[in-house]
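Dumped data18.pdb below, it's PDB, C-alpha atoms and all ligand atoms:
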```pdb
ATOM      1  CA  MET K   1     -43.319-188.539 -34.971
ATOM      2  CA  THR K   2     -41.127-186.852 -37.558
ATOM      3  CA  ALA K   3     -41.709-183.165 -38.220
ATOM      4  CA  SER K   4     -44.302-182.252 -40.810
ATOM      5  CA  ARG K   5     -43.522-181.112 -44.309
ATOM      6  CA  LEU K   6     -45.314-178.316 -46.128
ATOM      7  CA  GLU K   7     -45.053-178.118 -49.909
ATOM      8  CA  VAL K   8     -46.324-174.964 -51.594
ATOM      9  CA  ARG K   9     -46.437-175.142 -55.365
ATOM     10  CA  ASN K  10     -47.214-172.440 -57.882
ATOM     11  CA  LEU K  11     -49.406-170.593 -55.379
ATOM     12  CA  THR K  12     -51.184-167.613 -56.915
ATOM     13  CA  ARG K  13     -53.855-165.257 -55.595
ATOM     14  CA  SER K  14     -55.052-161.915 -56.957
ATOM     15  CA  PHE K  15     -57.216-159.224 -55.387
ATOM     16  CA  GLY K  16     -58.696-157.132 -58.173
ATOM     17  CA  GLY K  17     -55.704-155.994 -60.181
ATOM     18  CA  ILE K  18     -53.122-156.862 -57.502
ATOM     19  CA  VAL K  19     -51.340-160.203 -57.689
ATOM     20  CA  ALA K  20     -50.722-160.607 -53.958
ATOM     21  CA  VAL K  21     -49.079-164.034 -54.354
ATOM     22  CA  ASP K  22     -47.551-164.892 -57.704
ATOM     23  CA  SER K  23     -46.571-168.471 -58.675
ATOM     24  CA  LEU K  24     -44.889-169.038 -55.329
ATOM     25  CA  SER K  25     -43.248-172.391 -54.586
ATOM     26  CA  PHE K  26     -41.350-173.326 -51.441
ATOM     27  CA  ASP K  27     -40.995-176.124 -48.881
ATOM     28  CA  ALA K  28     -40.911-175.967 -45.092
ATOM     29  CA  GLY K  29     -40.244-178.784 -42.665
ATOM     30  CA  GLY K  30     -38.224-180.034 -39.781
ATOM     31  CA  GLY K  31     -37.477-176.724 -38.113
ATOM     32  CA  ILE K  32     -38.080-173.009 -38.431
ATOM     33  CA  THR K  33     -38.445-171.426 -41.876
ATOM     34  CA  GLY K  34     -38.330-167.634 -42.171
ATOM     35  CA  LEU K  35     -40.692-165.888 -44.589
ATOM     36  CA  ILE K  36     -39.481-162.344 -45.204
ATOM     37  CA  GLY K  37     -39.873-159.494 -47.654
ATOM     38  CA  PRO K  38     -40.919-155.848 -47.882
ATOM     39  CA  ASN K  39     -44.306-154.564 -46.692
ATOM     40  CA  GLY K  40     -47.000-155.742 -49.073
ATOM     41  CA  ALA K  41     -44.844-158.580 -50.481
ATOM     42  CA  GLY K  42     -47.651-161.087 -49.852
ATOM     43  CA  LYS K  43     -46.424-162.854 -46.710
ATOM     44  CA  THR K  44     -49.624-162.651 -44.663
ATOM     45  CA  THR K  45     -51.614-163.608 -47.744
ATOM     46  CA  VAL K  46     -49.578-166.840 -47.897
ATOM     47  CA  PHE K  47     -50.707-167.616 -44.319
ATOM     48  CA  ASN K  48     -54.299-166.755 -45.240
ATOM     49  CA  LEU K  49     -54.069-169.192 -48.165
ATOM     50  CA  ILE K  50     -52.512-171.982 -46.072
ATOM     51  CA  THR K  51     -55.183-171.597 -43.367
ATOM     52  CA  GLY K  52     -58.127-171.631 -45.782
ATOM     53  CA  ILE K  53     -59.191-168.011 -45.237
ATOM     54  CA  TYR K  54     -58.615-167.423 -48.959
ATOM     55  CA  ARG K  55     -58.692-169.879 -51.825
ATOM     56  CA  PRO K  56     -55.820-169.587 -54.302
ATOM     57  CA  SER K  57     -56.529-168.841 -57.958
ATOM     58  CA  VAL K  58     -53.890-171.445 -58.854
ATOM     59  CA  GLY K  59     -51.599-173.770 -56.939
ATOM     60  CA  THR K  60     -51.420-176.486 -54.326
ATOM     61  CA  ILE K  61     -50.521-176.587 -50.630
ATOM     62  CA  LEU K  62     -49.670-180.040 -49.296
ATOM     63  CA  LEU K  63     -49.142-180.824 -45.613
ATOM     64  CA  ASP K  64     -47.526-184.253 -45.390
ATOM     65  CA  GLY K  65     -49.110-185.014 -48.741
ATOM     66  CA  THR K  66     -52.635-183.836 -47.808
ATOM     67  CA  GLU K  67     -54.092-181.043 -49.936
ATOM     68  CA  LEU K  68     -55.112-178.082 -47.773
ATOM     69  CA  ILE K  69     -56.640-175.753 -50.346
ATOM     70  CA  VAL K  70     -59.881-177.728 -50.509
ATOM     71  CA  LYS K  71     -60.386-177.392 -46.753
ATOM     72  CA  ARG K  72     -62.242-174.774 -44.758
ATOM     73  CA  PRO K  73     -60.461-172.916 -41.946
ATOM     74  CA  HIS K  74     -61.675-175.212 -39.140
ATOM     75  CA  GLU K  75     -60.740-178.258 -41.205
ATOM     76  CA  VAL K  76     -57.255-176.842 -41.745
ATOM     77  CA  VAL K  77     -56.904-176.502 -37.950
ATOM     78  CA  ARG K  78     -58.005-180.114 -37.595
ATOM     79  CA  ALA K  79     -55.448-181.111 -40.234
ATOM     80  CA  GLY K  80     -52.762-179.719 -37.922
ATOM     81  CA  VAL K  81     -52.211-176.061 -38.800
ATOM     82  CA  SER K  82     -52.349-173.261 -36.196
ATOM     83  CA  ARG K  83     -51.408-169.628 -36.471
ATOM     84  CA  THR K  84     -50.981-166.329 -34.729
ATOM     85  CA  PHE K  85     -52.064-163.037 -36.261
ATOM     86  CA  GLN K  86     -50.206-159.895 -37.291
ATOM     87  CA  ASN K  87     -52.763-157.984 -35.215
ATOM     88  CA  ILE K  88     -53.141-159.917 -31.967
ATOM     89  CA  ARG K  89     -56.502-161.658 -31.663
ATOM     90  CA  LEU K  90     -57.033-162.832 -28.117
ATOM     91  CA  PHE K  91     -60.247-163.292 -26.163
ATOM     92  CA  ASN K  92     -59.616-160.069 -24.275
ATOM     93  CA  ARG K  93     -62.168-160.514 -21.508
ATOM     94  CA  MET K  94     -61.063-164.032 -20.648
ATOM     95  CA  THR K  95     -58.166-164.915 -18.403
ATOM     96  CA  CYS K  96     -54.958-166.096 -20.003
ATOM     97  CA  LEU K  97     -55.652-169.668 -18.902
ATOM     98  CA  GLU K  98     -59.143-169.570 -20.423
ATOM     99  CA  ASN K  99     -57.676-168.312 -23.693
ATOM    100  CA  VAL K 100     -55.464-171.394 -23.918
ATOM    101  CA  MET K 101     -58.161-173.766 -22.596
ATOM    102  CA  THR K 102     -60.752-172.725 -25.176
ATOM    103  CA  PRO K 103     -59.332-174.655 -28.136
ATOM    104  CA  LEU K 104     -58.819-177.690 -25.882
ATOM    105  CA  LEU K 105     -62.450-177.680 -24.741
ATOM    106  CA  THR K 106     -63.859-177.258 -28.237
ATOM    107  CA  GLN K 107     -61.996-180.447 -29.190
ATOM    108  CA  GLY K 108     -64.053-182.236 -26.526
ATOM    109  CA  VAL K 109     -66.675-184.853 -27.201
ATOM    110  CA  TYR K 110     -69.458-183.666 -24.896
ATOM    111  CA  GLY K 111     -72.549-181.944 -26.238
ATOM    112  CA  PRO K 112     -74.169-178.715 -25.071
ATOM    113  CA  VAL K 113     -76.591-180.439 -22.681
ATOM    114  CA  SER K 114     -73.924-182.169 -20.618
ATOM    115  CA  ALA K 115     -71.848-178.984 -20.778
ATOM    116  CA  PHE K 116     -74.809-177.006 -19.397
ATOM    117  CA  LEU K 117     -75.400-179.513 -16.602
ATOM    118  CA  ARG K 118     -71.664-179.672 -15.902
ATOM    119  CA  THR K 119     -71.784-183.410 -15.513
ATOM    120  CA  SER K 120     -68.838-185.167 -13.891
ATOM    121  CA  SER K 121     -67.471-186.145 -17.297
ATOM    122  CA  VAL K 122     -67.529-182.483 -18.367
ATOM    123  CA  ARG K 123     -65.761-181.473 -15.176
ATOM    124  CA  ALA K 124     -63.172-184.180 -15.765
ATOM    125  CA  GLU K 125     -62.668-182.901 -19.300
ATOM    126  CA  GLU K 126     -62.244-179.365 -17.975
ATOM    127  CA  LYS K 127     -59.613-180.539 -15.524
ATOM    128  CA  ILE K 128     -57.651-182.256 -18.292
ATOM    129  CA  ALA K 129     -57.902-179.110 -20.457
ATOM    130  CA  ARG K 130     -56.834-176.886 -17.563
ATOM    131  CA  ASP K 131     -53.786-179.045 -16.780
ATOM    132  CA  ARG K 132     -52.805-179.257 -20.429
ATOM    133  CA  ALA K 133     -53.271-175.499 -20.943
ATOM    134  CA  PHE K 134     -51.172-174.752 -17.885
ATOM    135  CA  SER K 135     -48.400-177.056 -19.055
ATOM    136  CA  ILE K 136     -48.331-175.354 -22.492
ATOM    137  CA  MET K 137     -48.236-171.952 -20.774
ATOM    138  CA  GLU K 138     -45.275-173.101 -18.691
ATOM    139  CA  ASP K 139     -43.452-174.153 -21.858
ATOM    140  CA  VAL K 140     -44.080-170.792 -23.519
ATOM    141  CA  GLY K 141     -43.314-168.793 -20.368
ATOM    142  CA  VAL K 142     -46.720-167.303 -19.570
ATOM    143  CA  ALA K 143     -47.823-169.563 -16.690
ATOM    144  CA  ASP K 144     -47.099-166.792 -14.163
ATOM    145  CA  VAL K 145     -49.914-164.674 -15.575
ATOM    146  CA  SER K 146     -52.463-167.479 -16.036
ATOM    147  CA  ASP K 147     -55.128-165.752 -13.884
ATOM    148  CA  ARG K 148     -54.841-162.314 -15.433
ATOM    149  CA  GLN K 149     -57.331-160.970 -17.926
ATOM    150  CA  ALA K 150     -55.671-161.210 -21.358
ATOM    151  CA  SER K 151     -56.224-157.545 -22.259
ATOM    152  CA  THR K 152     -54.252-156.369 -19.207
ATOM    153  CA  LEU K 153     -51.021-158.085 -20.260
ATOM    154  CA  PRO K 154     -48.128-156.145 -21.715
ATOM    155  CA  TYR K 155     -47.829-156.477 -25.431
ATOM    156  CA  GLY K 156     -44.933-158.970 -25.450
ATOM    157  CA  LEU K 157     -46.785-161.371 -23.159
ATOM    158  CA  GLN K 158     -49.949-161.106 -25.276
ATOM    159  CA  ARG K 159     -47.891-162.263 -28.249
ATOM    160  CA  LYS K 160     -46.579-165.226 -26.261
ATOM    161  CA  LEU K 161     -50.055-166.045 -25.018
ATOM    162  CA  GLU K 162     -51.247-166.166 -28.614
ATOM    163  CA  ILE K 163     -48.519-168.708 -29.355
ATOM    164  CA  ALA K 164     -49.636-170.778 -26.345
ATOM    165  CA  ARG K 165     -53.232-170.721 -27.585
ATOM    166  CA  ALA K 166     -52.115-171.778 -31.073
ATOM    167  CA  LEU K 167     -50.189-174.697 -29.524
ATOM    168  CA  ALA K 168     -53.320-175.832 -27.690
ATOM    169  CA  CYS K 169     -54.688-176.942 -31.074
ATOM    170  CA  ALA K 170     -51.807-179.486 -31.191
ATOM    171  CA  PRO K 171     -50.453-178.268 -34.530
ATOM    172  CA  ARG K 172     -47.974-180.030 -36.760
ATOM    173  CA  LEU K 173     -47.424-176.713 -38.543
ATOM    174  CA  LEU K 174     -47.346-173.417 -36.635
ATOM    175  CA  LEU K 175     -47.519-170.131 -38.544
ATOM    176  CA  LEU K 176     -46.266-167.035 -36.688
ATOM    177  CA  ASP K 177     -47.080-163.669 -38.277
ATOM    178  CA  GLU K 178     -44.701-161.028 -36.908
ATOM    179  CA  PRO K 179     -44.635-162.320 -33.314
ATOM    180  CA  ALA K 180     -41.891-159.809 -32.385
ATOM    181  CA  ALA K 181     -43.670-156.760 -33.811
ATOM    182  CA  GLY K 182     -43.373-153.877 -31.361
ATOM    183  CA  MET K 183     -40.886-155.682 -29.123
ATOM    184  CA  ASN K 184     -37.550-154.241 -28.062
ATOM    185  CA  ASP K 185     -34.261-156.083 -28.520
ATOM    186  CA  ALA K 186     -34.296-157.929 -25.212
ATOM    187  CA  GLU K 187     -37.920-159.036 -25.637
ATOM    188  CA  THR K 188     -37.220-160.120 -29.207
ATOM    189  CA  ARG K 189     -34.246-162.238 -28.143
ATOM    190  CA  GLU K 190     -36.256-163.853 -25.381
ATOM    191  CA  LEU K 191     -39.105-164.557 -27.770
ATOM    192  CA  GLY K 192     -36.606-166.124 -30.182
ATOM    193  CA  GLU K 193     -35.455-168.492 -27.435
ATOM    194  CA  SER K 194     -39.087-169.426 -26.706
ATOM    195  CA  ILE K 195     -39.776-170.137 -30.380
ATOM    196  CA  VAL K 196     -36.707-172.392 -30.645
ATOM    197  CA  LYS K 197     -37.805-174.245 -27.495
ATOM    198  CA  VAL K 198     -41.382-174.617 -28.739
ATOM    199  CA  GLN K 199     -40.163-176.009 -32.068
ATOM    200  CA  LYS K 200     -38.137-178.688 -30.284
ATOM    201  CA  ASP K 201     -40.500-179.508 -27.407
ATOM    202  CA  PHE K 202     -43.598-179.746 -29.600
ATOM    203  CA  ASP K 203     -41.765-181.180 -32.639
ATOM    204  CA  VAL K 204     -43.688-178.701 -34.762
ATOM    205  CA  THR K 205     -42.710-177.227 -38.115
ATOM    206  CA  ILE K 206     -42.725-173.420 -37.844
ATOM    207  CA  ILE K 207     -42.945-170.705 -40.478
ATOM    208  CA  LEU K 208     -41.958-167.321 -39.090
ATOM    209  CA  ILE K 209     -42.868-164.022 -40.762
ATOM    210  CA  GLU K 210     -40.739-161.258 -39.253
ATOM    211  CA  HIS K 211     -39.234-157.877 -40.014
ATOM    212  CA  HIS K 212     -36.748-158.227 -37.096
ATOM    213  CA  ILE K 213     -34.158-159.609 -39.443
ATOM    214  CA  ASN K 214     -31.619-160.537 -36.775
ATOM    215  CA  LEU K 215     -34.194-162.783 -35.137
ATOM    216  CA  VAL K 216     -34.855-164.514 -38.470
ATOM    217  CA  MET K 217     -31.139-164.948 -39.138
ATOM    218  CA  ASP K 218     -30.560-166.305 -35.619
ATOM    219  CA  ILE K 219     -33.275-168.941 -35.377
ATOM    220  CA  CYS K 220     -34.274-169.980 -38.907
ATOM    221  CA  GLY K 221     -32.540-172.856 -40.673
ATOM    222  CA  HIS K 222     -34.007-171.842 -43.984
ATOM    223  CA  ILE K 223     -35.354-168.533 -45.325
ATOM    224  CA  VAL K 224     -37.805-167.747 -48.121
ATOM    225  CA  VAL K 225     -37.790-164.184 -49.472
ATOM    226  CA  MET K 226     -40.792-162.708 -51.272
ATOM    227  CA  GLU K 227     -41.055-159.557 -53.308
ATOM    228  CA  ARG K 228     -44.275-158.365 -54.940
ATOM    229  CA  GLY K 229     -45.932-161.726 -54.427
ATOM    230  CA  ALA K 230     -43.179-163.765 -56.048
ATOM    231  CA  LEU K 231     -40.220-165.749 -54.770
ATOM    232  CA  LEU K 232     -37.104-163.600 -54.753
ATOM    233  CA  ALA K 233     -34.707-166.057 -53.098
ATOM    234  CA  LYS K 234     -34.502-169.015 -50.743
ATOM    235  CA  GLY K 235     -31.594-170.478 -48.820
ATOM    236  CA  SER K 236     -29.692-170.563 -45.564
ATOM    237  CA  PRO K 237     -29.339-167.372 -43.472
ATOM    238  CA  SER K 238     -25.798-166.787 -44.749
ATOM    239  CA  GLU K 239     -26.879-167.313 -48.371
ATOM    240  CA  ILE K 240     -29.751-164.851 -47.928
ATOM    241  CA  ARG K 241     -27.629-162.263 -46.138
ATOM    242  CA  SER K 242     -25.134-162.219 -49.002
ATOM    243  CA  ASP K 243     -27.674-162.430 -51.844
ATOM    244  CA  GLY K 244     -27.355-159.218 -53.853
ATOM    245  CA  ARG K 245     -31.002-159.292 -54.975
ATOM    246  CA  VAL K 246     -32.260-159.622 -51.408
ATOM    247  CA  VAL K 247     -29.997-156.830 -50.207
ATOM    248  CA  ALA K 248     -31.175-154.584 -53.060
ATOM    249  CA  ALA K 249     -34.875-155.382 -52.630
ATOM    250  CA  TYR K 250     -35.125-155.563 -48.859
ATOM    251  CA  LEU K 251     -32.188-155.859 -46.491
ATOM    252  CA  GLY K 252     -30.245-152.908 -47.828
ATOM    253  CA  ARG K 253     -33.031-150.400 -48.381
ATOM    254  CA  PRO K 254     -32.112-147.357 -46.281
ATOM    255  CA  ARG K 255     -35.670-146.547 -45.163
ATOM    256  CA  GLU K 256     -36.673-150.165 -44.512
ATOM    257  CA  ARG K 257     -33.325-150.814 -42.908
ATOM    258  CA  LYS K 258     -33.734-147.978 -40.451
ATOM    259  CA  LYS K 259     -37.250-149.078 -39.619
ATOM    260  CA  ARG K 260     -36.416-152.756 -39.160
ATOM    261  CA  LEU K 261     -32.845-152.796 -37.957
ATOM    262  CA  GLY K 262     -32.674-149.530 -36.040
ATOM    263  CA  ALA K 263     -33.054-151.105 -32.636
ATOM    264  CA  ASP K 264     -30.964-154.151 -33.499
ATOM    265  CA  GLU K 265     -28.014-152.199 -34.844
ATOM    266  CA  GLY K 266     -27.117-150.717 -31.503
ATOM    267  CA  THR K 267     -26.606-154.118 -29.921
ATOM    268  CA  GLY K 268     -23.521-155.142 -31.847
ATOM    269  CA  ARG K 269     -25.085-158.497 -32.710
TER     270      ARG K 269
HETATM  271  N1  LIG K 301     -58.302-159.037 -48.746
HETATM  272  C1  LIG K 301     -57.560-158.266 -49.556
HETATM  273  N2  LIG K 301     -58.144-157.452 -50.466
HETATM  274  C2  LIG K 301     -57.399-156.698 -51.294
HETATM  275  N3  LIG K 301     -56.066-156.665 -51.294
HETATM  276  C3  LIG K 301     -55.422-157.430 -50.410
HETATM  277  C4  LIG K 301     -56.132-158.296 -49.498
HETATM  278  N4  LIG K 301     -55.233-158.957 -48.734
HETATM  279  C5  LIG K 301     -54.026-158.544 -49.156
HETATM  280  N5  LIG K 301     -54.135-157.637 -50.151
HETATM  281  C6  LIG K 301     -53.029-156.981 -50.862
HETATM  282  O1  LIG K 301     -52.089-157.977 -51.186
HETATM  283  C7  LIG K 301     -50.765-157.462 -51.058
HETATM  284  C8  LIG K 301     -49.990-158.329 -50.089
HETATM  285  O2  LIG K 301     -50.465-158.080 -48.771
HETATM  286  P1  LIG K 301     -49.951-158.859 -47.494
HETATM  287  O3  LIG K 301     -50.741-158.386 -46.348
HETATM  288  O4  LIG K 301     -49.959-160.317 -47.780
HETATM  289  O5  LIG K 301     -48.449-158.349 -47.398
HETATM  290  P2  LIG K 301     -47.349-158.616 -46.278
HETATM  291  O6  LIG K 301     -46.132-159.136 -46.976
HETATM  292  O7  LIG K 301     -47.918-159.422 -45.177
HETATM  293  O8  LIG K 301     -47.015-157.124 -45.783
HETATM  294  P3  LIG K 301     -46.627-156.570 -44.303
HETATM  295  O9  LIG K 301     -45.161-156.867 -44.110
HETATM  296  O10 LIG K 301     -46.883-155.106 -44.406
HETATM  297  O11 LIG K 301     -47.520-157.240 -43.313
HETATM  298  C9  LIG K 301     -50.897-156.006 -50.633
HETATM  299  O12 LIG K 301     -50.840-155.202 -51.794
HETATM  300  C10 LIG K 301     -52.275-155.972 -50.004
HETATM  301  O13 LIG K 301     -52.832-154.681 -50.105
HETATM  302 MG    MG K 302     -48.305-159.097 -43.177
END
```
Could you spell out this file's structure in structure tokens?
Ligand SMILES: Nc1ncnc2c1ncn2[C@@H]1O[C@H](COP(=O)(O)OP(=O)(O)OP(=O)(O)O)[C@@H](O)[C@H]1O
Ligand SMILES: [Mg+2]
Amino acid sequence: MTASRLEVRNLTRSFGGIVAVDSLSFDAGGGITGLIGPNGAGKTTVFNLITGIYRPSVGTILLDGTELIVKRPHEVVRAGVSRTFQNIRLFNRMTCLENVMTPLLTQGVYGPVSAFLRTSSVRAEEKIARDRAFSIMEDVGVADVSDRQASTLPYGLQRKLEIARALACAPRLLLLDEPAAGMNDAETRELGESIVKVQKDFDVTIILIEHHINLVMDICGHIVVMERGALLAKGSPSEIRSDGRVVAAYLGRPRERKKRLGADEGTGR
């Protein structure tokens, strides 16, 4: 299967007087696309529009030619879109394995009665889900902690576990909202390697929202920059790095720069 293509056209969404996303158009496909911009630029709102949490006021979102904006959130998942959240949302009381198994079991074909009776077909389905979940966790690097309760994991592993759970929905498009938030340099680099591996192994198109700009520059083939809801620039990492408007609006801001690059700058990368 060739990687999926997302086409966002003229996407617009207001909240009261705020235009959170303003006539935004961009494409993503065949790799990892970075979506960056200052706080409040509208990045998470773009994910909420793609995943059907919000309806746009104007615009279209096509995944391999299929319109997503008419779909409800669960239908968007079924159409092949999974995400992680800026604020981690795991099933905290479940084990890590159960977190990743849950989406696999809800795709199952057995009704509540057979599930209650735990018929042999249900048990067989559970075994398939367990094996599949474990294999995904191995790919993402969280298989070692499969039996631990999710809430007891260190922050970096919770973020990875969320990616594993998103992959259990078998997405064609994976949306990652600040997966490296709160991570140090070493953790961020390791996460970057995992994301690159996931993109290849699962042949999934990825859109990555991140403020760790070195991570974005390292692993994204293409970058989209937003400012105040609108498109500020798009291009390759080197084009974006040397774009005067992007430097003025985001990359070069002293306060933002300190906040985002502070840890990275000491590494000489
Ligand atoms: N449900 C909502 N109701 C009202 N305003 C909202 C809502 N969701 C987003 N906004 C506003 O839309 C704008 C864009 O917010 P959004 O969360 O998309 O930004 P962001 O680029 O993800 O920022 P950050 O980098 O801080 O996560 C902000 O002004 C925000 O306050
Ligand atoms: Mg956000």
Output check: residues returned by the PyMOL selection byres (((chain K and resi 223) around 9) and not hetatm), as a list in words: Ile32, Thr33, Gly34, Leu35, Ile36, Val216, Met217, Cys220, Gly221, His222, Val224, Val225, Ala233, Lys234, Gly235, Ser236, Pro237 and Ile240 of chain K
Non-local contacts of Tyr155 of chain K (10 Å; only C-alpha atoms; under 6 positions in same chain excluded) as a PyMOL selection string: chain K and resi 88+161+180-183
Per residue of chain K within 8 Å of ligand LIG 301 (chain K), which atom pair is closest and at what distance in Å (one decimal), using only C-alpha atoms and all ligand atoms, listed by chain and increasing number, as a Markdown table?
```
| residue | atom | partner | partner_atom | distance |
| --- | --- | --- | --- | --- |
| K:Ser14 | CA | K:LIG301 | O1 | 7.6 |
| K:Phe15 | CA | K:LIG301 | C2 | 4.8 |
| K:Gly16 | CA | K:LIG301 | C2 | 7.0 |
| K:Ile18 | CA | K:LIG301 | O12 | 6.4 |
| K:Val19 | CA | K:LIG301 | O1 | 6.9 |
| K:Ala20 | CA | K:LIG301 | O1 | 4.1 |
| K:Val21 | CA | K:LIG301 | C8 | 7.2 |
| K:Ile36 | CA | K:LIG301 | O6 | 7.6 |
| K:Gly37 | CA | K:LIG301 | O6 | 6.3 |
| K:Pro38 | CA | K:LIG301 | O9 | 5.8 |
| K:Asn39 | CA | K:LIG301 | O10 | 3.5 |
| K:Gly40 | CA | K:LIG301 | O5 | 3.4 |
| K:Ala41 | CA | K:LIG301 | O6 | 3.8 |
| K:Gly42 | CA | K:LIG301 | O4 | 3.2 |
| K:Lys43 | CA | K:LIG301 | O6 | 3.7 |
| K:Thr44 | CA | K:LIG301 | O7 | 3.7 |
| K:Thr45 | CA | K:LIG301 | O4 | 3.7 |
| K:Val46 | CA | K:LIG301 | O4 | 6.5 |
| K:Gln86 | CA | K:LIG301 | O11 | 7.1 |
| K:Glu178 | CA | K:LIG301 | O11 | 8.0 |
| K:Glu210 | CA | K:LIG301 | O9 | 7.9 |
| K:His211 | CA | K:LIG301 | O9 | 7.3 |
| K:Met226 | CA | K:LIG301 | O6 | 7.7 |
| K:Arg228 | CA | K:LIG301 | C8 | 7.5 |
| K:Gly229 | CA | K:LIG301 | C8 | 6.8 |
```
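Atom CA of Glu227 of chain K sits 15.5 Å away from atom CA of Arg241 of chain K.
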Residue nearest ligand MG 302 (chain K) - candidates K:Arg55, K:Leu174, K:Leu104, K:Leu208, atoms counted: all atoms listed in the file: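 Using all atoms listed in the file, ligand MG 302 (chain K) sits closest to K:Leu208.
Rounded to one decimal, atom CA of Thr188 of chain K and atom CA of Ile213 of chain K lie 10.7 Å from each other.
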Straight-line distance linking atom CA of Arg78 of chain K with atom CA of Thr51 of chain K, stated in Å to one decimal: 10.7 Å
Selected residue, from K:Leu97, K:Ile53, K:Asp185, K:Ala248, that lies nearest to Glu138 of chain K when counting only C-alpha atoms: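 Checking each of K:Leu97, K:Ile53, K:Asp185, K:Ala248 against Glu138 of chain K, counting only C-alpha atoms, the winner is K:Leu97.
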Residue among K:Thr95, K:Thr205, K:Ser121, K:Asn48 lying closest to ligand MG 302 (chain K), counting only C-alpha atoms and all ligand atoms: K:Asn48
